[in-house]
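For reference, entry-v4.pdb (PDB, C-alpha atoms):
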ATOM      1  CA  MET A   1     -14.130 -93.986  -9.113
ATOM      2  CA  ASN A   2     -14.654 -97.117  -7.050
ATOM      3  CA  VAL A   3     -13.306 -97.322  -3.535
ATOM      4  CA  THR A   4     -10.548 -99.805  -4.367
ATOM      5  CA  HIS A   5      -9.166 -97.506  -7.037
ATOM      6  CA  LEU A   6      -9.556 -94.566  -4.672
ATOM      7  CA  ILE A   7      -7.651 -96.353  -1.912
ATOM      8  CA  LYS A   8      -4.873 -97.532  -4.213
ATOM      9  CA  SER A   9      -4.378 -94.247  -6.081
ATOM     10  CA  ARG A  10      -4.085 -91.993  -3.012
ATOM     11  CA  ARG A  11      -0.599 -90.545  -2.524
ATOM     12  CA  SER A  12       0.884 -88.047  -0.091
ATOM     13  CA  VAL A  13       0.931 -84.598  -1.649
ATOM     14  CA  ARG A  14       3.558 -82.155  -0.357
ATOM     15  CA  GLN A  15       3.262 -79.305  -2.880
ATOM     16  CA  TYR A  16       0.001 -77.525  -3.446
ATOM     17  CA  LYS A  17      -1.503 -74.904  -5.714
ATOM     18  CA  SER A  18      -2.590 -71.702  -4.004
ATOM     19  CA  ASP A  19      -6.295 -72.392  -4.690
ATOM     20  CA  THR A  20      -8.303 -72.148  -1.521
ATOM     21  CA  LEU A  21     -10.926 -74.686  -0.500
ATOM     22  CA  SER A  22     -14.599 -73.846  -0.142
ATOM     23  CA  PRO A  23     -16.244 -74.300   3.262
ATOM     24  CA  PHE A  24     -18.337 -76.988   1.564
ATOM     25  CA  GLN A  25     -15.220 -78.955   0.612
ATOM     26  CA  ILE A  26     -13.715 -78.661   4.078
ATOM     27  CA  ASN A  27     -16.922 -79.704   5.791
ATOM     28  CA  ALA A  28     -17.351 -82.709   3.510
ATOM     29  CA  ILE A  29     -13.887 -83.927   4.517
ATOM     30  CA  LEU A  30     -14.585 -83.452   8.228
ATOM     31  CA  ASP A  31     -17.930 -85.179   7.846
ATOM     32  CA  ALA A  32     -16.192 -88.251   6.434
ATOM     33  CA  GLY A  33     -13.957 -88.304   9.504
ATOM     34  CA  ARG A  34     -16.975 -87.897  11.732
ATOM     35  CA  TRP A  35     -18.494 -91.122  10.425
ATOM     36  CA  ALA A  36     -15.561 -93.372  11.267
ATOM     37  CA  PRO A  37     -16.179 -96.329  13.575
ATOM     38  CA  SER A  38     -14.833 -96.282  17.129
ATOM     39  CA  GLY A  39     -14.864 -98.584  20.125
ATOM     40  CA  LEU A  40     -18.082 -98.125  22.115
ATOM     41  CA  ASN A  41     -18.829 -95.465  19.454
ATOM     42  CA  ASN A  42     -16.895 -93.001  21.633
ATOM     43  CA  GLN A  43     -15.889 -90.813  18.665
ATOM     44  CA  PRO A  44     -12.791 -89.359  20.350
ATOM     45  CA  TRP A  45     -11.722 -87.214  17.360
ATOM     46  CA  ARG A  46     -11.802 -83.414  17.388
ATOM     47  CA  PHE A  47     -10.742 -81.031  14.644
ATOM     48  CA  VAL A  48      -9.154 -77.630  14.252
ATOM     49  CA  VAL A  49      -9.300 -76.140  10.758
ATOM     50  CA  ILE A  50      -6.372 -73.838  10.060
ATOM     51  CA  THR A  51      -6.392 -71.541   7.047
ATOM     52  CA  SER A  52      -4.876 -68.244   8.211
ATOM     53  CA  ALA A  53      -1.364 -67.503   6.996
ATOM     54  CA  ASP A  54      -0.246 -66.594  10.513
ATOM     55  CA  LYS A  55      -1.384 -69.828  12.085
ATOM     56  CA  ARG A  56      -0.020 -71.938   9.237
ATOM     57  CA  ALA A  57       3.357 -70.247   9.585
ATOM     58  CA  GLY A  58       3.316 -70.836  13.321
ATOM     59  CA  LEU A  59       2.475 -74.521  12.901
ATOM     60  CA  ALA A  60       5.173 -74.923  10.263
ATOM     61  CA  GLY A  61       7.760 -73.966  12.879
ATOM     62  CA  PHE A  62       7.024 -77.076  14.900
ATOM     63  CA  THR A  63       8.093 -79.632  12.296
ATOM     64  CA  HIS A  64      10.864 -80.398   9.829
ATOM     65  CA  TYR A  65       8.094 -80.683   7.253
ATOM     66  CA  GLY A  66       6.883 -77.126   7.629
ATOM     67  CA  LYS A  67       7.150 -76.505   3.896
ATOM     68  CA  THR A  68       4.206 -78.813   3.319
ATOM     69  CA  ILE A  69       2.086 -76.827   5.774
ATOM     70  CA  LEU A  70       3.126 -73.514   4.211
ATOM     71  CA  SER A  71       2.286 -74.806   0.747
ATOM     72  CA  ALA A  72      -1.200 -76.082   1.604
ATOM     73  CA  PRO A  73      -4.187 -73.726   1.828
ATOM     74  CA  VAL A  74      -5.726 -75.768   4.650
ATOM     75  CA  THR A  75      -4.356 -77.810   7.522
ATOM     76  CA  ILE A  76      -6.658 -79.909   9.680
ATOM     77  CA  ALA A  77      -5.263 -80.607  13.143
ATOM     78  CA  VAL A  78      -6.752 -83.845  14.470
ATOM     79  CA  PHE A  79      -6.926 -84.244  18.229
ATOM     80  CA  LEU A  80      -7.751 -87.140  20.516
ATOM     81  CA  ASP A  81     -10.088 -85.893  23.241
ATOM     82  CA  MET A  82      -8.886 -87.640  26.404
ATOM     83  CA  ASN A  83     -12.233 -86.839  28.020
ATOM     84  CA  ALA A  84     -13.838 -89.170  25.472
ATOM     85  CA  ALA A  85     -11.065 -91.796  25.495
ATOM     86  CA  TYR A  86     -11.598 -95.268  26.960
ATOM     87  CA  ASN A  87      -8.788 -97.526  25.730
ATOM     88  CA  ARG A  88      -5.637 -96.054  24.254
ATOM     89  CA  ASP A  89      -4.973 -98.749  21.653
ATOM     90  CA  LYS A  90      -8.559 -98.774  20.426
ATOM     91  CA  ASP A  91      -8.842 -94.989  20.521
ATOM     92  CA  LEU A  92      -5.723 -94.628  18.387
ATOM     93  CA  MET A  93      -7.026 -97.149  15.868
ATOM     94  CA  ALA A  94     -10.288 -95.185  15.720
ATOM     95  CA  MET A  95      -8.280 -92.008  15.100
ATOM     96  CA  GLY A  96      -6.556 -93.781  12.221
ATOM     97  CA  ALA A  97      -9.912 -94.820  10.756
ATOM     98  CA  CYS A  98     -11.133 -91.223  11.061
ATOM     99  CA  ILE A  99      -8.010 -89.844   9.365
ATOM    100  CA  GLN A 100      -8.180 -92.387   6.551
ATOM    101  CA  ASN A 101     -11.812 -91.431   5.901
ATOM    102  CA  MET A 102     -10.741 -87.808   5.525
ATOM    103  CA  LEU A 103      -7.853 -88.672   3.198
ATOM    104  CA  LEU A 104     -10.202 -90.709   1.016
ATOM    105  CA  ALA A 105     -12.942 -88.083   1.001
ATOM    106  CA  ALA A 106     -10.436 -85.424  -0.077
ATOM    107  CA  HIS A 107      -8.968 -87.669  -2.762
ATOM    108  CA  ALA A 108     -12.461 -88.449  -4.075
ATOM    109  CA  ARG A 109     -12.902 -84.687  -4.555
ATOM    110  CA  GLY A 110      -9.653 -84.385  -6.490
ATOM    111  CA  LEU A 111      -7.819 -82.864  -3.537
ATOM    112  CA  GLY A 112      -4.401 -83.901  -2.305
ATOM    113  CA  THR A 113      -3.502 -84.515   1.323
ATOM    114  CA  CYS A 114      -0.511 -85.286   3.475
ATOM    115  CA  TRP A 115      -0.709 -87.012   6.860
ATOM    116  CA  LEU A 116       1.996 -85.381   8.985
ATOM    117  CA  GLY A 117       3.256 -87.273  12.016
ATOM    118  CA  GLU A 118       6.746 -85.977  12.814
ATOM    119  CA  ILE A 119       5.140 -82.932  14.451
ATOM    120  CA  LEU A 120       3.886 -85.221  17.258
ATOM    121  CA  ASN A 121       7.358 -84.804  18.775
ATOM    122  CA  ARG A 122       6.107 -81.338  19.762
ATOM    123  CA  LYS A 123       2.448 -82.089  20.283
ATOM    124  CA  ASP A 124       2.087 -80.218  23.564
ATOM    125  CA  GLU A 125       3.537 -77.059  22.026
ATOM    126  CA  VAL A 126       1.179 -77.323  19.069
ATOM    127  CA  ARG A 127      -1.777 -77.735  21.396
ATOM    128  CA  GLU A 128      -0.756 -74.659  23.368
ATOM    129  CA  PHE A 129      -0.141 -72.684  20.185
ATOM    130  CA  LEU A 130      -3.743 -73.459  19.190
ATOM    131  CA  GLY A 131      -4.982 -72.464  22.647
ATOM    132  CA  LEU A 132      -6.390 -75.860  23.571
ATOM    133  CA  GLY A 133      -6.661 -77.570  26.952
ATOM    134  CA  ALA A 134      -4.465 -80.434  28.114
ATOM    135  CA  HIS A 135      -7.235 -83.015  27.598
ATOM    136  CA  LEU A 136      -6.693 -82.614  23.845
ATOM    137  CA  GLU A 137      -3.807 -84.616  22.442
ATOM    138  CA  LEU A 138      -2.548 -83.982  18.920
ATOM    139  CA  ALA A 139      -2.843 -87.123  16.799
ATOM    140  CA  ALA A 140      -1.954 -85.792  13.343
ATOM    141  CA  LEU A 141      -1.945 -82.830  11.017
ATOM    142  CA  LEU A 142      -3.503 -83.242   7.602
ATOM    143  CA  THR A 143      -2.627 -80.764   4.872
ATOM    144  CA  VAL A 144      -5.239 -80.411   2.152
ATOM    145  CA  GLY A 145      -5.329 -78.642  -1.196
ATOM    146  CA  SER A 146      -5.067 -78.990  -4.939
ATOM    147  CA  ALA A 147      -1.965 -80.972  -5.794
ATOM    148  CA  ARG A 148       0.786 -79.134  -7.622
ATOM    149  CA  ARG A 149       2.833 -82.253  -7.891
ATOM    150  CA  ALA A 150       1.944 -85.776  -6.858
ATOM    151  CA  LYS A 151       4.004 -88.906  -6.574
ATOM    152  CA  ARG A 152       2.927 -91.378  -9.202
ATOM    153  CA  THR A 153       4.105 -94.538  -7.556
ATOM    154  CA  GLY A 154       3.477 -96.105  -4.195
ATOM    155  CA  LYS A 155       5.152 -99.161  -2.784
ATOM    156  CA  ARG A 156       3.592-101.844  -0.654
ATOM    157  CA  LYS A 157       4.743-105.201   0.630
ATOM    158  CA  ASP A 158       3.390-108.061  -1.433
ATOM    159  CA  MET A 159       0.405-110.014  -0.248
ATOM    160  CA  LYS A 160       2.443-113.123   0.582
ATOM    161  CA  THR A 161       4.310-111.125   3.216
ATOM    162  CA  LEU A 162       1.106-109.787   4.728
ATOM    163  CA  ILE A 163      -1.008-112.933   4.886
ATOM    164  CA  LEU A 164       0.385-115.029   7.718
ATOM    165  CA  ALA A 165      -2.048-117.894   7.289
ATOM    166  CA  ARG A 166      -5.334-119.021   5.833
ATOM    167  CA  THR A 167      -7.003-121.449   8.159
TER     168      THR A 167
ATOM    169  CA  MET B   1     -21.697 -95.293  -4.764
ATOM    170  CA  ASN B   2     -19.470 -92.346  -3.896
ATOM    171  CA  VAL B   3     -17.074 -92.594  -0.999
ATOM    172  CA  THR B   4     -19.005 -90.215   1.252
ATOM    173  CA  HIS B   5     -22.130 -92.307   0.922
ATOM    174  CA  LEU B   6     -20.058 -95.450   1.414
ATOM    175  CA  ILE B   7     -18.492 -94.083   4.605
ATOM    176  CA  LYS B   8     -21.780 -92.857   6.024
ATOM    177  CA  SER B   9     -23.840 -95.930   5.225
ATOM    178  CA  ARG B  10     -21.439 -98.505   6.719
ATOM    179  CA  ARG B  11     -22.807-100.216   9.842
ATOM    180  CA  SER B  12     -21.604-103.043  12.035
ATOM    181  CA  VAL B  13     -23.192-106.314  10.980
ATOM    182  CA  ARG B  14     -23.491-109.026  13.615
ATOM    183  CA  GLN B  15     -25.727-111.557  11.851
ATOM    184  CA  TYR B  16     -24.724-113.086   8.548
ATOM    185  CA  LYS B  17     -26.123-115.358   5.874
ATOM    186  CA  SER B  18     -24.309-118.652   5.420
ATOM    187  CA  ASP B  19     -23.038-117.659   1.932
ATOM    188  CA  THR B  20     -19.307-118.123   1.687
ATOM    189  CA  LEU B  21     -16.988-115.536   0.167
ATOM    190  CA  SER B  22     -14.919-116.193  -2.933
ATOM    191  CA  PRO B  23     -11.121-116.002  -2.670
ATOM    192  CA  PHE B  24     -11.396-113.025  -5.027
ATOM    193  CA  GLN B  25     -13.639-111.159  -2.571
ATOM    194  CA  ILE B  26     -11.377-111.905   0.382
ATOM    195  CA  ASN B  27      -8.250-110.848  -1.475
ATOM    196  CA  ALA B  28      -9.845-107.609  -2.637
ATOM    197  CA  ILE B  29     -10.595-106.708   0.984
ATOM    198  CA  LEU B  30      -7.061-107.539   2.128
ATOM    199  CA  ASP B  31      -5.646-105.583  -0.788
ATOM    200  CA  ALA B  32      -7.544-102.487   0.357
ATOM    201  CA  GLY B  33      -5.959-102.874   3.784
ATOM    202  CA  ARG B  34      -2.558-103.338   2.192
ATOM    203  CA  TRP B  35      -2.774 -99.894   0.568
ATOM    204  CA  ALA B  36      -3.332 -97.946   3.775
ATOM    205  CA  PRO B  37      -0.842 -95.220   4.652
ATOM    206  CA  SER B  38       1.576 -95.716   7.537
ATOM    207  CA  GLY B  39       4.352 -93.730   9.194
ATOM    208  CA  LEU B  40       7.623 -94.205   7.293
ATOM    209  CA  ASN B  41       5.523 -96.527   5.103
ATOM    210  CA  ASN B  42       6.305 -99.316   7.575
ATOM    211  CA  GLN B  43       3.091-101.240   6.797
ATOM    212  CA  PRO B  44       2.954-103.046  10.131
ATOM    213  CA  TRP B  45      -0.301-104.922   9.402
ATOM    214  CA  ARG B  46      -0.458-108.693   8.952
ATOM    215  CA  PHE B  47      -3.519-110.841   8.309
ATOM    216  CA  VAL B  48      -4.854-114.266   9.137
ATOM    217  CA  VAL B  49      -7.902-115.377   7.171
ATOM    218  CA  ILE B  50     -10.081-117.761   9.140
ATOM    219  CA  THR B  51     -12.820-119.728   7.421
ATOM    220  CA  SER B  52     -12.757-123.216   8.948
ATOM    221  CA  ALA B  53     -15.575-124.049  11.338
ATOM    222  CA  ASP B  54     -13.106-125.389  13.922
ATOM    223  CA  LYS B  55     -11.000-122.272  14.025
ATOM    224  CA  ARG B  56     -14.003-119.958  14.061
ATOM    225  CA  ALA B  57     -15.467-121.892  16.978
ATOM    226  CA  GLY B  58     -12.154-121.675  18.815
ATOM    227  CA  LEU B  59     -11.899-117.939  18.263
ATOM    228  CA  ALA B  60     -15.479-117.431  19.383
ATOM    229  CA  GLY B  61     -14.529-118.816  22.783
ATOM    230  CA  PHE B  62     -12.223-115.885  23.456
ATOM    231  CA  THR B  63     -14.864-113.147  23.390
ATOM    232  CA  HIS B  64     -18.309-112.302  24.699
ATOM    233  CA  TYR B  65     -19.183-111.561  21.073
ATOM    234  CA  GLY B  66     -18.462-115.061  19.834
ATOM    235  CA  LYS B  67     -21.889-115.317  18.215
ATOM    236  CA  THR B  68     -20.817-112.783  15.626
ATOM    237  CA  ILE B  69     -17.762-114.886  14.742
ATOM    238  CA  LEU B  70     -19.838-118.051  14.551
ATOM    239  CA  SER B  71     -22.356-116.356  12.296
ATOM    240  CA  ALA B  72     -19.826-114.969   9.797
ATOM    241  CA  PRO B  73     -18.312-117.171   7.061
ATOM    242  CA  VAL B  74     -14.988-115.325   7.294
ATOM    243  CA  THR B  75     -13.031-113.679  10.088
ATOM    244  CA  ILE B  76      -9.903-111.684   9.344
ATOM    245  CA  ALA B  77      -7.528-111.421  12.297
ATOM    246  CA  VAL B  78      -5.447-108.280  11.976
ATOM    247  CA  PHE B  79      -2.063-108.267  13.685
ATOM    248  CA  LEU B  80       0.503-105.580  14.364
ATOM    249  CA  ASP B  81       3.951-106.953  13.521
ATOM    250  CA  MET B  82       6.211-105.631  16.271
ATOM    251  CA  ASN B  83       9.222-106.385  14.074
ATOM    252  CA  ALA B  84       7.937-103.702  11.686
ATOM    253  CA  ALA B  85       6.765-101.283  14.380
ATOM    254  CA  TYR B  86       8.501 -97.945  14.968
ATOM    255  CA  ASN B  87       6.178 -95.748  17.056
ATOM    256  CA  ARG B  88       3.280 -97.251  18.937
ATOM    257  CA  ASP B  89       0.855 -94.342  18.544
ATOM    258  CA  LYS B  90       1.538 -93.975  14.822
ATOM    259  CA  ASP B  91       1.530 -97.719  14.241
ATOM    260  CA  LEU B  92      -1.874 -98.044  15.884
ATOM    261  CA  MET B  93      -3.287 -95.201  13.796
ATOM    262  CA  ALA B  94      -1.924 -96.933  10.696
ATOM    263  CA  MET B  95      -3.641-100.137  11.810
ATOM    264  CA  GLY B  96      -6.893 -98.184  12.098
ATOM    265  CA  ALA B  97      -6.467 -96.798   8.576
ATOM    266  CA  CYS B  98      -5.816-100.331   7.293
ATOM    267  CA  ILE B  99      -8.896-101.712   9.046
ATOM    268  CA  GLN B 100     -11.112 -98.882   7.805
ATOM    269  CA  ASN B 101      -9.962 -99.533   4.230
ATOM    270  CA  MET B 102     -11.029-103.151   4.620
ATOM    271  CA  LEU B 103     -14.417-102.233   6.100
ATOM    272  CA  LEU B 104     -15.050 -99.840   3.209
ATOM    273  CA  ALA B 105     -13.870-102.283   0.547
ATOM    274  CA  ALA B 106     -16.197-104.949   1.938
ATOM    275  CA  HIS B 107     -19.116-102.543   2.151
ATOM    276  CA  ALA B 108     -18.500-101.411  -1.452
ATOM    277  CA  ARG B 109     -18.931-105.067  -2.464
ATOM    278  CA  GLY B 110     -22.212-105.358  -0.603
ATOM    279  CA  LEU B 111     -20.650-107.281   2.271
ATOM    280  CA  GLY B 112     -21.195-106.602   5.943
ATOM    281  CA  THR B 113     -18.440-106.424   8.542
ATOM    282  CA  CYS B 114     -17.968-106.074  12.259
ATOM    283  CA  TRP B 115     -14.814-104.703  13.900
ATOM    284  CA  LEU B 116     -14.402-106.725  17.107
ATOM    285  CA  GLY B 117     -12.261-105.231  19.854
ATOM    286  CA  GLU B 118     -13.348-106.821  23.129
ATOM    287  CA  ILE B 119     -11.321-109.915  22.232
ATOM    288  CA  LEU B 120      -8.136-107.868  22.721
ATOM    289  CA  ASN B 121      -8.540-108.654  26.417
ATOM    290  CA  ARG B 122      -7.272-112.110  25.451
ATOM    291  CA  LYS B 123      -4.991-111.185  22.584
ATOM    292  CA  ASP B 124      -2.080-113.385  23.669
ATOM    293  CA  GLU B 125      -4.302-116.428  23.863
ATOM    294  CA  VAL B 126      -5.730-115.712  20.410
ATOM    295  CA  ARG B 127      -2.208-115.374  18.993
ATOM    296  CA  GLU B 128      -1.195-118.687  20.527
ATOM    297  CA  PHE B 129      -4.385-120.360  19.320
ATOM    298  CA  LEU B 130      -3.433-119.281  15.792
ATOM    299  CA  GLY B 131       0.112-120.545  16.282
ATOM    300  CA  LEU B 132       1.814-117.179  15.839
ATOM    301  CA  GLY B 133       4.995-115.815  17.403
ATOM    302  CA  ALA B 134       5.098-113.227  20.187
ATOM    303  CA  HIS B 135       6.148-110.439  17.783
ATOM    304  CA  LEU B 136       2.603-110.475  16.423
ATOM    305  CA  GLU B 137       0.078-108.523  18.461
ATOM    306  CA  LEU B 138      -3.633-108.883  17.802
ATOM    307  CA  ALA B 139      -5.149-105.507  16.828
ATOM    308  CA  ALA B 140      -8.665-106.528  15.806
ATOM    309  CA  LEU B 141     -10.869-109.217  14.393
ATOM    310  CA  LEU B 142     -13.056-108.359  11.429
ATOM    311  CA  THR B 143     -15.997-110.572  10.615
ATOM    312  CA  VAL B 144     -17.120-110.490   6.998
ATOM    313  CA  GLY B 145     -20.105-111.869   5.126
ATOM    314  CA  SER B 146     -23.468-111.158   3.584
ATOM    315  CA  ALA B 147     -25.591-109.280   6.070
ATOM    316  CA  ARG B 148     -28.626-111.069   7.412
ATOM    317  CA  ARG B 149     -29.665-108.076   9.395
ATOM    318  CA  ALA B 150     -28.096-104.631   9.498
ATOM    319  CA  LYS B 151     -28.696-101.706  11.754
ATOM    320  CA  ARG B 152     -30.316 -98.928   9.817
ATOM    321  CA  THR B 153     -29.234 -96.023  11.922
ATOM    322  CA  GLY B 154     -25.938 -94.762  13.178
ATOM    323  CA  LYS B 155     -25.325 -91.989  15.638
ATOM    324  CA  ARG B 156     -22.552 -89.448  15.560
ATOM    325  CA  LYS B 157     -21.804 -86.329  17.544
ATOM    326  CA  ASP B 158     -22.743 -83.189  15.672
ATOM    327  CA  MET B 159     -20.134 -81.189  13.847
ATOM    328  CA  LYS B 160     -20.211 -78.338  16.341
ATOM    329  CA  THR B 161     -18.969 -80.700  19.031
ATOM    330  CA  LEU B 162     -16.164 -81.983  16.843
ATOM    331  CA  ILE B 163     -14.789 -78.746  15.392
ATOM    332  CA  LEU B 164     -12.903 -77.053  18.195
ATOM    333  CA  ALA B 165     -11.897 -74.006  16.187
ATOM    334  CA  ARG B 166     -11.494 -72.528  12.724
ATOM    335  CA  THR B 167      -8.511 -70.261  12.663
TER     336      THR B 167
END

Please lay out the structure from this file as structure tokens.
Amino acid sequence: MNVTHLIKSRRSVRQYKSDTLSPFQINAILDAGRWAPSGLNNQPWRFVVITSADKRAGLAGFTHYGKTILSAPVTIAVFLDMNAAYNRDKDLMAMGACIQNMLLAAHARGLGTCWLGEILNRKDEVREFLGLGAHLELAALLTVGSARRAKRTGKRKDMKTLILART
Amino acid sequence: MNVTHLIKSRRSVRQYKSDTLSPFQINAILDAGRWAPSGLNNQPWRFVVITSADKRAGLAGFTHYGKTILSAPVTIAVFLDMNAAYNRDKDLMAMGACIQNMLLAAHARGLGTCWLGEILNRKDEVREFLGLGAHLELAALLTVGSARRAKRTGKRKDMKTLILART
């Protein structure tokens, strides 16, 4: 599957089969995130891999979208390490590049993902729940697993809206 | 080339051959950016495609890394449309996902890219130089072209540093 098809066929998956992921699969996804570009190559991303039923249930309580977390065998919590940060705008864009790499790497392996953001309303509580220090700021949760049901369609603005000028 | 190899073999390219890009190549890269995920699917990214020698020379004057812009046949200016924005942190991560898609799509086509960030120090001037309204905020410049010289190696923190916990 070429990368254009991969990029365009990725969809958020909110219902998963109970199949667990192998450590090899999980590590391959994290490794894709690891190789994202970042300003000054500061690599501010850090990961927590959550698979235990207890921890998944606890996380689910912090968001309206807890069902997605409960359904998925694996959730990857992605943190911005403020000790590595240098410019908030650029660091956040790097985090986005890192997350997108992981979504694509999972999709390339036939796995579904969902990028959860609403939970950032309670990011400090999530950090404390995971026992992490205040220098770690939650950027996103990614659920990962075999899709039970996937949206077929995706909508995007047309190119004329997006291209402001050619000069 | 599988996506893992694509992700891991991408490097910043700062010296380009004079070969121009076809409109088809440019559009394929923008289309990859267009299909990035964003919070509430707000798709806040907007693009300006710069190929004219005059405009490239003007842009080059706004950054210490102007040589890279002068060397590349194409520069894509990526803007955050504040009229589409809803949450700055999430919007910036979406911009990063969009940019990473474009870097990967270019690399998959054998093209080199460089994600330029230092120019954000003068983002308002760049916006005005391109004749755009104040609701458009420069997020990055991406240079694109056939690599004349590419770095062979890339360095990343090891996985033990990045994985805070498995739980």

Would you list which chain B residues are within 8 Å of chain A using all atoms listed in the file, as a PyMOL selection string? chain B and resi 1-4+7-8+31-32+34-36+39+43+45-52+55+89-90+92-101+104-105+108+117+156-157+159+161-167

Top pick for closest residue to Arg152 in chain A, considering A:Met82, A:Val13, A:Val74, A:Lys67 and counting only C-alpha atoms: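 Of A:Met82, A:Val13, A:Val74, A:Lys67, the one nearest Arg152 in chain A, counting only C-alpha atoms, is A:Val13.
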
Any chance you could resolve the PyMOL selection byres ((chain B and resi 21) around 9) against this file and give the residues as a VMD selection string? chain B and resid 19 to 20 22 to 26 73 to 74 144 to 146

Need the shell around range 70-72 of chain B: protein/DNA/RNA residues with any atom at most 8 Å away, counting all atoms listed in the file. Skip same-chain ones fewer than 3 positions apart. Format as a PyMOL selection string? chain B and resi 14-18+56-57+60+66-67+75+143-145

Between CA of Glu137 in chain A and CA of Thr68 in chain A, measure the distance and give it in Å to one decimal.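 These two atoms are separated by 21.5 Å.
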
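Reported to one decimal place, the separation of CA of Leu80 in chain A from CA of Leu138 in chain A is 6.3 Å.
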
Figure out the distance between CA of Arg148 in chain A and CA of Gly112 in chain A, please, to one decimal in Å. 8.8 Å

Using all atoms listed in the file, which of the listed residues (B:Leu59, B:Gly133, B:Glu125, B:Ile69) sits closest to Thr113 in chain B?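 Checking each candidate against Thr113 in chain B, we get B:Ile69 as the closest.
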
When distances are computed from only C-alpha atoms, which of B:Asn121, B:Gly61, B:Asn87, B:Leu111 shows the smallest separation from Ala147 in chain B? B:Leu111

Generate N, CA and C atoms for range 3-15 of chain B and emit them as an mmCIF file, in the coordinates of the input.
data_model
loop_
_atom_site.group_PDB
_atom_site.id
_atom_site.type_symbol
_atom_site.label_atom_id
_atom_site.label_comp_id
_atom_site.auth_asym_id
_atom_site.auth_seq_id
_atom_site.Cartn_x
_atom_site.Cartn_y
_atom_site.Cartn_z
ATOM 1 N N VAL B 3 -17.735 -92.180 -2.236
ATOM 2 C CA VAL B 3 -17.074 -92.594 -0.999
ATOM 3 C C VAL B 3 -17.746 -92.001 0.243
ATOM 4 N N THR B 4 -18.302 -90.819 0.105
ATOM 5 C CA THR B 4 -19.005 -90.215 1.252
ATOM 6 C C THR B 4 -20.211 -91.067 1.645
ATOM 7 N N HIS B 5 -20.971 -91.467 0.628
ATOM 8 C CA HIS B 5 -22.130 -92.307 0.922
ATOM 9 C C HIS B 5 -21.684 -93.652 1.500
ATOM 10 N N LEU B 6 -20.597 -94.165 0.949
ATOM 11 C CA LEU B 6 -20.058 -95.450 1.414
ATOM 12 C C LEU B 6 -19.671 -95.355 2.896
ATOM 13 N N ILE B 7 -18.954 -94.294 3.228
ATOM 14 C CA ILE B 7 -18.492 -94.083 4.605
ATOM 15 C C ILE B 7 -19.665 -93.935 5.562
ATOM 16 N N LYS B 8 -20.680 -93.182 5.123
ATOM 17 C CA LYS B 8 -21.780 -92.857 6.024
ATOM 18 C C LYS B 8 -22.820 -93.973 6.137
ATOM 19 N N SER B 9 -22.831 -94.865 5.185
ATOM 20 C CA SER B 9 -23.840 -95.930 5.225
ATOM 21 C C SER B 9 -23.305 -97.240 5.813
ATOM 22 N N ARG B 10 -22.008 -97.296 6.116
ATOM 23 C CA ARG B 10 -21.439 -98.505 6.719
ATOM 24 C C ARG B 10 -21.972 -98.683 8.146
ATOM 25 N N ARG B 11 -22.350 -99.915 8.482
ATOM 26 C CA ARG B 11 -22.807 -100.216 9.842
ATOM 27 C C ARG B 11 -22.203 -101.543 10.272
ATOM 28 N N SER B 12 -22.045 -101.742 11.545
ATOM 29 C CA SER B 12 -21.604 -103.043 12.035
ATOM 30 C C SER B 12 -22.685 -104.079 11.783
ATOM 31 N N VAL B 13 -22.266 -105.212 11.263
ATOM 32 C CA VAL B 13 -23.192 -106.314 10.980
ATOM 33 C C VAL B 13 -22.825 -107.477 11.883
ATOM 34 N N ARG B 14 -23.781 -107.958 12.644
ATOM 35 C CA ARG B 14 -23.491 -109.026 13.615
ATOM 36 C C ARG B 14 -24.192 -110.345 13.293
ATOM 37 N N GLN B 15 -25.063 -110.322 12.279
ATOM 38 C CA GLN B 15 -25.727 -111.557 11.851
ATOM 39 C C GLN B 15 -25.568 -111.704 10.341
#
